[in-house]
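What follows is input_5.cif (mmCIF, C-alpha atoms).
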```
data_coords
#
loop_
_atom_site.label_atom_id
_atom_site.label_comp_id
_atom_site.auth_asym_id
_atom_site.auth_seq_id
_atom_site.Cartn_x
_atom_site.Cartn_y
_atom_site.Cartn_z
CA MET A 141 147.66 70.09 143.94
CA ILE A 142 147.57 72.29 146.99
CA VAL A 143 144.12 72.50 148.48
CA ALA A 144 143.09 75.58 150.41
CA GLU A 145 139.95 77.06 151.93
CA ARG A 146 138.91 80.66 152.41
CA LYS A 147 139.29 82.01 155.91
CA PRO A 148 136.13 83.24 157.65
CA LEU A 149 135.27 86.70 156.33
CA ASP A 150 135.27 88.27 159.80
CA GLU A 151 138.85 87.05 160.34
CA ILE A 152 139.88 88.53 156.98
CA ALA A 153 138.07 91.79 157.76
CA GLU A 154 139.86 92.07 161.11
CA MET A 155 143.29 91.59 159.50
CA ILE A 156 142.78 94.30 156.88
CA ALA A 157 140.71 96.70 159.00
CA PRO A 158 143.46 99.20 159.88
CA PHE A 159 144.50 99.69 156.25
CA ARG A 160 142.98 101.84 153.55
CA LYS A 161 144.28 100.41 150.27
CA VAL A 162 144.01 96.65 150.05
CA ALA A 163 145.47 94.62 147.18
CA VAL A 164 143.63 91.31 146.95
CA ILE A 165 145.72 88.90 144.90
CA GLY A 166 144.40 85.57 143.68
CA CYS A 167 146.12 82.73 141.88
CA ARG A 168 144.98 80.81 138.80
CA SER A 169 146.70 77.58 139.82
CA CYS A 170 145.72 75.09 142.54
CA VAL A 171 143.57 77.43 144.60
CA ALA A 172 141.49 78.33 141.56
CA ILE A 173 140.81 74.64 140.93
CA CYS A 174 139.73 74.15 144.55
CA LEU A 175 137.46 77.20 144.28
CA ALA A 176 139.23 79.15 146.99
CA GLY A 177 141.37 81.85 145.38
CA GLY A 178 140.67 82.13 141.67
CA GLU A 179 139.28 85.11 139.80
CA LYS A 180 135.71 84.48 140.86
CA GLU A 181 136.59 84.03 144.51
CA VAL A 182 138.69 87.20 144.54
CA ASN A 183 135.85 89.19 143.01
CA MET A 184 133.33 87.75 145.45
CA LEU A 185 135.55 88.51 148.43
CA VAL A 186 136.13 92.09 147.29
CA SER A 187 132.42 92.51 146.72
CA ALA A 188 131.53 91.10 150.16
CA MET A 189 134.12 93.32 151.85
CA LYS A 190 132.78 96.41 150.06
CA LEU A 191 129.26 95.56 151.23
CA LYS A 192 130.50 95.05 154.78
CA ASN A 193 132.29 98.40 154.73
CA ARG A 194 129.26 100.15 153.30
CA ASN A 195 127.10 98.62 155.99
CA GLU A 196 129.49 99.71 158.73
CA GLY A 197 130.31 103.11 157.26
CA ARG A 198 133.98 102.31 156.76
CA GLU A 199 136.02 103.36 153.74
CA GLN A 200 138.58 101.12 152.11
CA GLU A 201 139.87 100.78 148.56
CA PHE A 202 140.21 97.33 147.09
CA ASP A 203 142.28 96.33 144.08
CA GLY A 204 141.51 92.71 143.22
CA PHE A 205 143.48 90.82 140.58
CA VAL A 206 144.74 87.34 139.82
CA LEU A 207 148.17 86.00 138.87
CA GLU A 208 148.94 82.90 136.85
CA ARG A 209 151.02 81.55 139.75
CA GLN A 210 151.56 83.55 142.87
CA CYS A 211 154.40 81.28 144.04
CA GLU A 212 156.64 82.35 141.14
CA LYS A 213 158.50 85.63 141.33
CA GLU A 214 158.24 86.32 137.60
CA TRP A 215 154.45 86.53 137.77
CA VAL A 216 154.47 88.58 140.97
CA LYS A 217 156.98 91.03 139.49
CA GLU A 218 154.49 91.87 136.74
CA VAL A 219 152.09 93.41 139.27
CA GLU A 220 154.73 95.14 141.37
CA ASP A 221 153.17 98.58 140.85
CA ARG A 222 149.84 97.46 142.20
CA ILE A 223 151.43 95.74 145.18
CA LEU A 224 153.52 98.79 146.05
CA ALA A 225 150.52 101.07 145.69
CA SER A 226 148.66 99.18 148.39
CA ASP A 227 148.87 99.49 152.16
CA ILE A 228 148.38 95.78 152.70
CA VAL A 229 148.29 92.67 150.52
CA LEU A 230 145.59 90.09 151.10
CA SER A 231 146.84 86.96 149.41
CA MET A 232 144.10 84.69 148.12
CA SER A 233 146.67 82.04 147.36
CA CYS A 234 148.14 79.17 149.32
CA SER A 235 150.74 80.09 151.90
CA LEU A 236 153.43 79.67 149.23
CA GLY A 237 152.03 82.54 147.20
CA ALA A 238 151.58 84.74 150.25
CA GLN A 239 155.15 84.07 151.35
CA THR A 240 156.54 84.68 147.87
CA VAL A 241 154.98 88.13 147.81
CA GLY A 242 156.09 88.76 151.39
CA ASP A 243 159.68 87.73 150.65
CA MET A 244 159.82 89.90 147.53
CA TYR A 245 158.45 92.97 149.29
CA PRO A 246 159.52 92.64 152.93
CA HIS A 247 158.28 96.12 153.85
CA LYS A 248 154.80 95.25 152.67
CA ILE A 249 152.38 93.59 155.07
CA VAL A 250 151.06 90.41 153.48
CA VAL A 251 148.22 88.52 155.14
CA PRO A 252 146.65 85.24 154.05
CA GLY A 253 143.04 85.08 152.92
CA LEU A 254 143.13 81.31 152.73
CA ASN A 255 143.98 78.45 155.03
CA THR A 256 146.29 76.05 153.19
CA LYS A 257 144.92 72.62 153.97
CA MET A 258 146.70 69.80 152.18
CA PHE A 259 148.20 68.15 149.11
CA GLY A 260 145.05 66.70 147.66
CA VAL A 261 143.17 65.72 144.55
CA PRO A 262 139.67 66.59 143.35
CA GLU A 263 137.62 63.42 143.88
CA GLU A 264 134.46 64.88 142.39
CA GLN A 265 133.11 68.39 141.95
CA GLY A 266 133.35 70.09 145.32
CA VAL A 267 135.27 67.28 147.05
CA TRP A 268 139.03 67.19 147.60
CA SER A 269 140.94 64.58 149.54
CA GLU A 270 144.43 64.37 150.91
CA LYS A 271 146.73 61.87 149.22
CA CYS A 272 150.26 63.00 149.99
CA LEU A 273 152.08 64.43 152.99
CA GLY A 274 155.27 65.37 151.15
CA CYS A 275 157.36 63.00 153.29
CA GLY A 276 160.23 63.26 150.81
CA ASP A 277 160.71 59.51 150.33
CA CYS A 278 157.84 58.09 148.31
CA MET A 279 157.01 54.46 149.05
CA ILE A 280 153.84 53.88 147.04
CA SER A 281 155.61 51.45 144.70
CA THR A 282 155.27 48.87 147.47
CA THR A 283 151.72 49.76 148.48
CA GLY A 284 149.83 49.47 145.22
CA GLY A 285 150.13 53.18 144.47
CA ILE A 286 148.28 54.22 147.63
CA CYS A 287 150.06 56.30 150.24
CA PRO A 288 149.59 54.97 153.78
CA ILE A 289 151.43 57.97 155.22
CA ALA A 290 148.77 60.44 154.08
CA ARG A 291 145.73 58.22 153.77
CA CYS A 292 146.05 56.24 157.02
CA ALA A 293 145.16 58.28 160.11
CA LYS A 294 148.07 56.64 161.96
CA SER A 295 150.46 56.50 158.98
CA MET A 296 150.84 52.76 159.56
CA LEU A 297 153.61 51.17 157.50
CA ASN A 298 152.86 47.45 157.83
CA GLY A 299 149.16 46.78 157.49
CA PRO A 300 146.07 48.13 159.21
CA CYS A 301 145.66 48.84 162.88
CA GLY A 302 142.98 47.15 164.96
CA GLY A 303 140.55 49.96 164.20
CA SER A 304 139.95 48.99 160.59
CA SER A 305 136.36 47.82 160.26
CA ASP A 306 134.55 46.78 157.09
CA GLY A 307 137.08 48.72 155.08
CA HIS A 308 136.59 51.92 157.04
CA CYS A 309 138.80 53.88 159.40
CA GLU A 310 137.91 54.04 163.09
CA VAL A 311 138.89 57.70 163.18
CA ASN A 312 136.23 58.59 160.64
CA LEU A 313 133.83 55.97 159.31
CA ASP A 314 133.29 58.01 156.16
CA ILE A 315 136.92 57.47 155.21
CA GLU A 316 138.23 54.30 153.65
CA CYS A 317 140.91 52.42 155.60
CA ALA A 318 144.10 53.04 153.61
CA TRP A 319 145.42 49.56 154.29
CA TYR A 320 142.13 47.98 153.22
CA ALA A 321 142.44 49.97 149.99
CA ILE A 322 146.06 48.86 149.61
CA HIS A 323 145.07 45.20 150.15
CA GLU A 324 142.30 45.42 147.57
CA ARG A 325 144.57 47.14 145.05
CA LEU A 326 147.39 44.61 145.51
CA LYS A 327 144.88 41.75 145.23
CA LEU A 328 143.64 43.24 141.96
CA GLN A 329 147.20 43.42 140.69
CA GLY A 330 148.10 39.91 141.89
CA ARG A 331 150.79 41.30 144.16
CA LEU A 332 149.45 40.36 147.58
CA ASP A 333 152.91 39.09 148.52
CA LEU A 334 153.83 42.74 149.06
CA MET A 335 151.49 42.77 152.05
CA GLU A 336 153.93 40.42 153.77
CA THR A 337 156.97 42.54 153.04
CA VAL A 338 158.13 44.09 156.27
CA ARG A 339 158.78 47.79 155.91
CA PRO A 340 161.35 49.07 158.40
CA PRO A 341 160.68 52.21 160.44
CA LYS A 342 160.59 55.18 158.09
CA ASP A 343 163.44 57.66 157.95
CA TRP A 344 161.69 60.97 158.51
CA VAL A 345 164.75 63.13 157.83
CA PRO A 346 163.68 63.81 154.20
CA SER A 347 160.37 65.05 155.59
CA HIS A 348 159.82 68.28 157.48
CA SER A 349 161.34 66.59 160.53
CA GLY A 350 164.75 67.27 158.98
CA GLY A 351 164.12 71.02 158.98
CA ARG A 352 163.25 73.31 156.11
CA ARG A 353 163.79 71.57 152.80
CA VAL A 354 165.52 73.21 149.86
CA LEU A 355 165.84 71.39 146.55
CA VAL A 356 168.68 72.33 144.21
CA ARG A 357 169.15 71.14 140.62
CA GLU A 358 172.62 72.26 139.62
CA ASP A 359 171.95 71.56 135.93
CA ALA A 360 168.95 73.87 135.97
CA LYS A 361 170.45 76.71 138.00
CA LEU A 362 171.50 79.85 136.20
CA THR A 363 175.14 80.88 136.27
CA GLN A 364 176.11 84.28 137.62
CA HIS A 365 176.61 85.42 134.01
CA GLN A 366 173.14 84.25 133.02
CA LYS A 367 171.59 85.95 136.03
CA ARG A 368 173.20 89.22 134.98
CA GLY A 369 172.14 88.64 131.40
CA GLU A 370 175.72 88.67 130.17
CA GLU A 371 177.20 86.62 127.39
CA VAL A 372 179.34 83.72 128.55
CA VAL A 373 182.99 84.51 127.87
CA GLU A 374 185.05 81.43 127.09
CA MET B 616 112.91 106.59 153.69
CA ALA B 617 109.18 106.21 153.15
CA ASP B 618 109.13 107.76 149.66
CA ARG B 619 112.12 105.80 148.41
CA ARG B 620 111.16 102.95 146.13
CA PRO B 621 112.89 99.70 147.16
CA LYS B 622 115.24 98.32 144.55
CA VAL B 623 114.84 94.63 143.86
CA VAL B 624 116.76 92.66 141.26
CA GLY B 625 115.34 89.38 140.00
CA PHE B 626 117.48 86.95 138.02
CA CYS B 627 114.86 85.03 136.06
CA CYS B 628 115.51 81.97 133.95
CA GLU B 629 114.21 82.34 130.43
CA ARG B 630 112.14 79.18 130.73
CA HIS B 631 109.56 78.81 133.50
CA ALA B 632 110.49 81.97 135.41
CA MET B 633 110.14 84.38 132.49
CA ASP B 634 107.04 82.54 131.30
CA SER B 635 105.42 82.95 134.70
CA SER B 636 106.13 86.69 134.64
CA ILE B 637 104.65 86.97 131.14
CA PHE B 638 101.56 84.93 132.01
CA SER B 639 101.23 86.96 135.17
CA ALA B 640 101.16 90.18 133.13
CA ARG B 641 98.75 88.71 130.58
CA SER B 642 96.36 87.75 133.31
CA GLY B 643 96.29 91.35 134.51
CA ARG B 644 98.36 90.93 137.66
CA THR B 645 100.66 93.78 138.61
CA TYR B 646 103.79 94.01 140.69
CA ASP B 647 106.02 96.71 142.14
CA THR B 648 107.91 98.65 139.49
CA GLY B 649 111.03 98.80 141.65
CA LEU B 650 111.86 95.40 140.22
CA ARG B 651 114.67 95.03 137.68
CA ILE B 652 114.44 91.71 135.87
CA ILE B 653 117.67 90.22 134.55
CA ARG B 654 116.93 87.45 132.12
CA VAL B 655 119.34 84.50 132.28
CA PRO B 656 119.40 81.28 130.24
CA CYS B 657 119.05 79.19 133.40
CA SER B 658 119.04 79.91 137.13
CA GLY B 659 122.08 77.63 137.29
CA ARG B 660 123.91 80.26 135.24
CA VAL B 661 123.58 82.78 138.06
CA ASP B 662 126.80 82.98 139.98
CA GLY B 663 127.35 84.31 143.48
CA MET B 664 129.35 87.10 141.89
CA HIS B 665 126.29 88.28 139.94
CA ILE B 666 124.21 88.45 143.11
CA LEU B 667 126.89 90.28 145.10
CA ASN B 668 127.43 92.67 142.19
CA ALA B 669 123.74 93.52 142.17
CA LEU B 670 123.85 94.32 145.89
CA GLU B 671 127.06 96.30 145.43
CA GLU B 672 125.46 98.32 142.62
CA GLY B 673 122.59 99.36 144.85
CA ALA B 674 120.00 96.60 144.95
CA ASP B 675 118.35 96.27 148.36
CA ALA B 676 117.26 92.69 147.73
CA VAL B 677 117.94 90.09 145.07
CA PHE B 678 116.06 86.97 144.11
CA VAL B 679 116.84 84.17 141.72
CA LEU B 680 113.85 82.58 140.06
CA GLY B 681 114.16 79.22 138.36
CA CYS B 682 112.07 76.29 137.25
CA LEU B 683 110.65 73.87 139.79
CA GLU B 684 113.51 71.70 140.95
CA LYS B 685 112.16 68.45 139.55
CA ASN B 686 110.96 70.12 136.38
CA CYS B 687 113.96 72.23 135.42
CA TYR B 688 114.36 72.70 131.68
CA TYR B 689 118.07 71.98 132.08
CA ASP B 690 117.50 69.22 134.61
CA THR B 691 119.61 70.44 137.54
CA GLY B 692 119.95 74.16 136.82
CA SER B 693 117.64 75.34 139.58
CA VAL B 694 119.38 73.06 142.09
CA GLU B 695 122.67 74.71 141.14
CA GLY B 696 121.06 78.13 141.45
CA ARG B 697 119.80 77.33 144.94
CA LYS B 698 123.25 76.19 146.08
CA ARG B 699 124.80 79.44 144.87
CA VAL B 700 122.11 81.49 146.61
CA GLU B 701 122.71 79.59 149.84
CA TYR B 702 126.45 80.27 149.57
CA VAL B 703 125.88 83.98 149.07
CA LYS B 704 123.48 84.05 152.02
CA SER B 705 126.20 82.49 154.19
CA MET B 706 128.68 85.13 152.98
CA LEU B 707 126.24 87.92 153.80
CA SER B 708 125.81 86.51 157.31
CA GLU B 709 129.57 86.39 157.72
CA VAL B 710 129.91 90.09 156.91
CA GLY B 711 127.02 91.08 159.17
CA LEU B 712 124.38 91.62 156.50
CA GLU B 713 120.87 90.20 156.47
CA PRO B 714 120.86 86.92 154.52
CA GLU B 715 117.16 87.42 153.70
CA ARG B 716 118.19 90.09 151.22
CA VAL B 717 118.85 87.19 148.86
CA GLU B 718 116.40 84.40 148.13
CA MET B 719 115.82 81.61 145.64
CA PHE B 720 112.34 80.75 144.37
CA ASN B 721 111.01 78.19 141.93
CA VAL B 722 108.00 78.44 139.67
CA SER B 723 106.45 76.68 136.73
CA SER B 724 105.14 78.57 133.71
CA SER B 725 101.57 78.03 134.80
CA MET B 726 102.07 79.61 138.24
CA ALA B 727 101.25 83.12 137.03
CA TRP B 728 99.92 84.06 140.47
CA LYS B 729 103.24 83.34 142.15
CA PHE B 730 105.40 85.86 140.30
CA PRO B 731 103.75 89.00 141.76
CA GLU B 732 103.70 87.26 145.14
CA ILE B 733 107.48 86.76 145.03
CA VAL B 734 108.06 90.35 143.91
CA SER B 735 105.85 91.64 146.74
CA ARG B 736 107.66 89.51 149.26
CA MET B 737 111.10 90.69 148.18
CA THR B 738 109.93 94.30 147.89
CA GLU B 739 108.68 94.06 151.44
CA VAL B 740 112.06 92.69 152.58
CA ALA B 741 113.82 95.52 150.72
CA ARG B 742 111.50 98.11 152.26
CA ARG B 743 111.95 96.70 155.76
CA LEU B 744 115.75 96.45 155.57
CA GLY B 745 116.38 99.55 153.47
CA PRO B 746 119.55 100.16 151.44
CA ILE B 747 122.73 98.55 152.72
CA GLY B 748 124.47 100.95 155.04
CA SER B 749 121.44 103.11 155.63
CA GLY B 750 120.99 101.82 159.15
CA GLY B 751 117.62 100.24 158.36
CA GLY B 752 114.46 100.76 156.40
CA ASP B 753 110.87 101.18 157.43
CA GLY B 754 110.99 98.14 159.67
CA ARG B 755 113.60 99.53 162.07
#
```

Let's see the structure in the file written out as structure tokens.
Amino acid sequence: MIVAERKPLDEIAEMIAPFRKVAVIGCRSCVAICLAGGEKEVNMLVSAMKLKNRNEGREQEFDGFVLERQCEKEWVKEVEDRILASDIVLSMSCSLGAQTVGDMYPHKIVVPGLNTKMFGVPEEQGVWSEKCLGCGDCMISTTGGICPIARCAKSMLNGPCGGSSDGHCEVNLDIECAWYAIHERLKLQGRLDLMETVRPPKDWVPSHSGGRRVLVREDAKLTQHQKRGEEVVE
Amino acid sequence: MADRRPKVVGFCCERHAMDSSIFSARSGRTYDTGLRIIRVPCSGRVDGMHILNALEEGADAVFVLGCLEKNCYYDTGSVEGRKRVEYVKSMLSEVGLEPERVEMFNVSSSMAWKFPEIVSRMTEVARRLGPIGSGGGDGR
């Protein structure tokens, strides 16, 4: 899932300060799970902003609501009236949601209320850790299901660097060395021979290094007829 | 400002916190009538949203009262309540409000003397700070 964190409230307040009607839009997907932009967080932000305005004698109107998924146009379309009625949209979603709204309503100013941090997983309540960088060419079949690209500070491909100590990373001793974890996992699976497999330098073109990525599934795309809602004429 | 009664909201767990208020009353102790008690099943049930809502609706100060942390009826409820209170305090600081408007306290049923003490303390905070947006209470 995408893990995000709320921006500092003073930064948010500064972005929305010049505008009177503020639509605060949350998302019930990833950012709700990571306690950053779900219903509760949207309500708390609106409440805090109202208190700040009352304290400073400023008047603003807030309309806080939450979508199932802010990164999908169908869900955004359902709240079009509320978006258009606002002077500014404060997106309490990951950057994908904010950009979806911005792309759909280019005349509308959309600002992010969250900092999108990483592709991560919830390790325990209140703890999320990064496990994927979206490199576009997954290699975890050879590394015991553990990604050295995301979980190693240096994205090492062929074993640990010299900074691995007692299973911990020299960059942060609280973090497990990814290659130590890979070694232990492969040992558990009886596949330690994979440690000796030499992995050639990675092709980074499928990653962001190759420019903006667009994925197309021709079999899933709608035809022009379907988009217009017309019957297919044989 | 002097004749305005401070508004304090107290979220009290229905175990030790409510018991302490009842025992306090039975033992003849009194407290400021500006207090609005909101009874909750556990202080861990109190969410940051509830506290902010109370402030938004006009409370000058809010406290959450739960069981003693190592004697919580629901084991970790009052620890959860404290964490939420701390989070709300940090949010208040971020928006330039006084974090002392919100506090967490812990009592046991037998601490009847402590309930009026907590109410007095929060009433004093409310009186000193005044309503949000008023530019200050008696203490300024």

Residue contacts of range 724-736 of chain B (6 Å, only C-alpha atoms) excluding same-chain residues fewer than 3 positions away, as a list in words:
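Residues meeting the cut-off are His631, Asp634, Ser635, Ser636, Phe638, Ser639, Tyr646 and Glu739 of chain B.
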
Range 326-334 of chain A: which residues within 8 Å, counting all atoms listed in the file, same-chain residues fewer than 6 positions away excluded, as number ranges by chain?
A: 282-284

Please evaluate the PyMOL selection byres ((chain B) within 9 of (chain A)) against the displayed coordinates and give the resulting residues as a ChimeraX atom specification.
/B:663-665,667-668,670-671,706-707,709-712,746-750

Name every residue that the PyMOL selection byres ((chain A and resi 173) around 12) selects in this structure, writing the answer as a PyMOL selection string with chains first and numbers rising.
chain A and resi 141-145+166-172+174-181+233+260-262+264-268

Figure out the distance between CA of Lys213 in chain A and CA of Ile228 in chain A, please, to one decimal in Å.
18.3 Å

Range 323-349 of chain A rebuilt with N, CA and C atoms, output as a PDB file, keeping the file's coordinate frame:
```
ATOM      1  N   HIS A 323     145.283  46.649 150.309  1.00  0.00           N
ATOM      2  CA  HIS A 323     145.070  45.200 150.150  1.00  0.00           C
ATOM      3  C   HIS A 323     144.247  44.904 148.910  1.00  0.00           C
ATOM      4  N   GLU A 324     143.167  45.654 148.730  1.00  0.00           N
ATOM      5  CA  GLU A 324     142.300  45.420 147.570  1.00  0.00           C
ATOM      6  C   GLU A 324     143.030  45.712 146.263  1.00  0.00           C
ATOM      7  N   ARG A 325     143.833  46.777 146.265  1.00  0.00           N
ATOM      8  CA  ARG A 325     144.570  47.140 145.050  1.00  0.00           C
ATOM      9  C   ARG A 325     145.617  46.075 144.715  1.00  0.00           C
ATOM     10  N   LEU A 326     146.351  45.626 145.754  1.00  0.00           N
ATOM     11  CA  LEU A 326     147.390  44.610 145.510  1.00  0.00           C
ATOM     12  C   LEU A 326     146.754  43.287 145.063  1.00  0.00           C
ATOM     13  N   LYS A 327     145.586  42.981 145.624  1.00  0.00           N
ATOM     14  CA  LYS A 327     144.880  41.750 145.230  1.00  0.00           C
ATOM     15  C   LYS A 327     144.507  41.836 143.752  1.00  0.00           C
ATOM     16  N   LEU A 328     144.025  43.010 143.353  1.00  0.00           N
ATOM     17  CA  LEU A 328     143.640  43.240 141.960  1.00  0.00           C
ATOM     18  C   LEU A 328     144.843  43.069 141.022  1.00  0.00           C
ATOM     19  N   GLN A 329     145.987  43.473 141.516  1.00  0.00           N
ATOM     20  CA  GLN A 329     147.200  43.420 140.690  1.00  0.00           C
ATOM     21  C   GLN A 329     147.940  42.096 140.813  1.00  0.00           C
ATOM     22  N   GLY A 330     147.412  41.193 141.685  1.00  0.00           N
ATOM     23  CA  GLY A 330     148.100  39.910 141.890  1.00  0.00           C
ATOM     24  C   GLY A 330     149.435  40.069 142.593  1.00  0.00           C
ATOM     25  N   ARG A 331     149.519  41.054 143.456  1.00  0.00           N
ATOM     26  CA  ARG A 331     150.790  41.300 144.160  1.00  0.00           C
ATOM     27  C   ARG A 331     150.611  41.271 145.672  1.00  0.00           C
ATOM     28  N   LEU A 332     149.741  40.386 146.132  1.00  0.00           N
ATOM     29  CA  LEU A 332     149.450  40.360 147.580  1.00  0.00           C
ATOM     30  C   LEU A 332     150.680  40.001 148.423  1.00  0.00           C
ATOM     31  N   ASP A 333     151.686  39.410 147.776  1.00  0.00           N
ATOM     32  CA  ASP A 333     152.910  39.090 148.520  1.00  0.00           C
ATOM     33  C   ASP A 333     153.527  40.342 149.145  1.00  0.00           C
ATOM     34  N   LEU A 334     153.270  41.486 148.522  1.00  0.00           N
ATOM     35  CA  LEU A 334     153.830  42.740 149.060  1.00  0.00           C
ATOM     36  C   LEU A 334     153.259  43.056 150.445  1.00  0.00           C
ATOM     37  N   MET A 335     152.078  42.518 150.724  1.00  0.00           N
ATOM     38  CA  MET A 335     151.490  42.770 152.050  1.00  0.00           C
ATOM     39  C   MET A 335     152.365  42.153 153.148  1.00  0.00           C
ATOM     40  N   GLU A 336     153.108  41.113 152.770  1.00  0.00           N
ATOM     41  CA  GLU A 336     153.930  40.420 153.770  1.00  0.00           C
ATOM     42  C   GLU A 336     155.345  40.980 153.858  1.00  0.00           C
ATOM     43  N   THR A 337     155.655  41.909 152.974  1.00  0.00           N
ATOM     44  CA  THR A 337     156.970  42.540 153.040  1.00  0.00           C
ATOM     45  C   THR A 337     157.019  43.462 154.261  1.00  0.00           C
ATOM     46  N   VAL A 338     158.023  43.247 155.071  1.00  0.00           N
ATOM     47  CA  VAL A 338     158.130  44.090 156.270  1.00  0.00           C
ATOM     48  C   VAL A 338     158.848  45.387 155.910  1.00  0.00           C
ATOM     49  N   ARG A 339     158.171  46.483 156.190  1.00  0.00           N
ATOM     50  CA  ARG A 339     158.780  47.790 155.910  1.00  0.00           C
ATOM     51  C   ARG A 339     159.411  48.309 157.210  1.00  0.00           C
ATOM     52  N   PRO A 340     160.697  48.593 157.172  1.00  0.00           N
ATOM     53  CA  PRO A 340     161.350  49.070 158.400  1.00  0.00           C
ATOM     54  C   PRO A 340     160.836  50.452 158.787  1.00  0.00           C
ATOM     55  N   PRO A 341     161.112  50.864 160.024  1.00  0.00           N
ATOM     56  CA  PRO A 341     160.680  52.210 160.440  1.00  0.00           C
ATOM     57  C   PRO A 341     161.163  53.251 159.426  1.00  0.00           C
ATOM     58  N   LYS A 342     160.299  54.195 159.140  1.00  0.00           N
ATOM     59  CA  LYS A 342     160.590  55.180 158.090  1.00  0.00           C
ATOM     60  C   LYS A 342     161.615  56.210 158.568  1.00  0.00           C
ATOM     61  N   ASP A 343     162.494  56.580 157.666  1.00  0.00           N
ATOM     62  CA  ASP A 343     163.440  57.660 157.950  1.00  0.00           C
ATOM     63  C   ASP A 343     162.730  58.978 157.663  1.00  0.00           C
ATOM     64  N   TRP A 344     162.465  59.736 158.696  1.00  0.00           N
ATOM     65  CA  TRP A 344     161.690  60.970 158.510  1.00  0.00           C
ATOM     66  C   TRP A 344     162.558  62.195 158.218  1.00  0.00           C
ATOM     67  N   VAL A 345     163.878  61.974 158.099  1.00  0.00           N
ATOM     68  CA  VAL A 345     164.750  63.130 157.830  1.00  0.00           C
ATOM     69  C   VAL A 345     164.388  63.845 156.522  1.00  0.00           C
ATOM     70  N   PRO A 346     164.066  63.082 155.441  1.00  0.00           N
ATOM     71  CA  PRO A 346     163.680  63.810 154.200  1.00  0.00           C
ATOM     72  C   PRO A 346     162.362  64.588 154.343  1.00  0.00           C
ATOM     73  N   SER A 347     161.631  64.323 155.396  1.00  0.00           N
ATOM     74  CA  SER A 347     160.370  65.050 155.590  1.00  0.00           C
ATOM     75  C   SER A 347     160.665  66.355 156.324  1.00  0.00           C
ATOM     76  N   HIS A 348     159.631  67.013 156.773  1.00  0.00           N
ATOM     77  CA  HIS A 348     159.820  68.280 157.480  1.00  0.00           C
ATOM     78  C   HIS A 348     160.589  68.092 158.791  1.00  0.00           C
ATOM     79  N   SER A 349     160.627  66.843 159.279  1.00  0.00           N
ATOM     80  CA  SER A 349     161.340  66.590 160.530  1.00  0.00           C
ATOM     81  C   SER A 349     162.823  66.939 160.422  1.00  0.00           C
TER      82      SER A 349
END
```
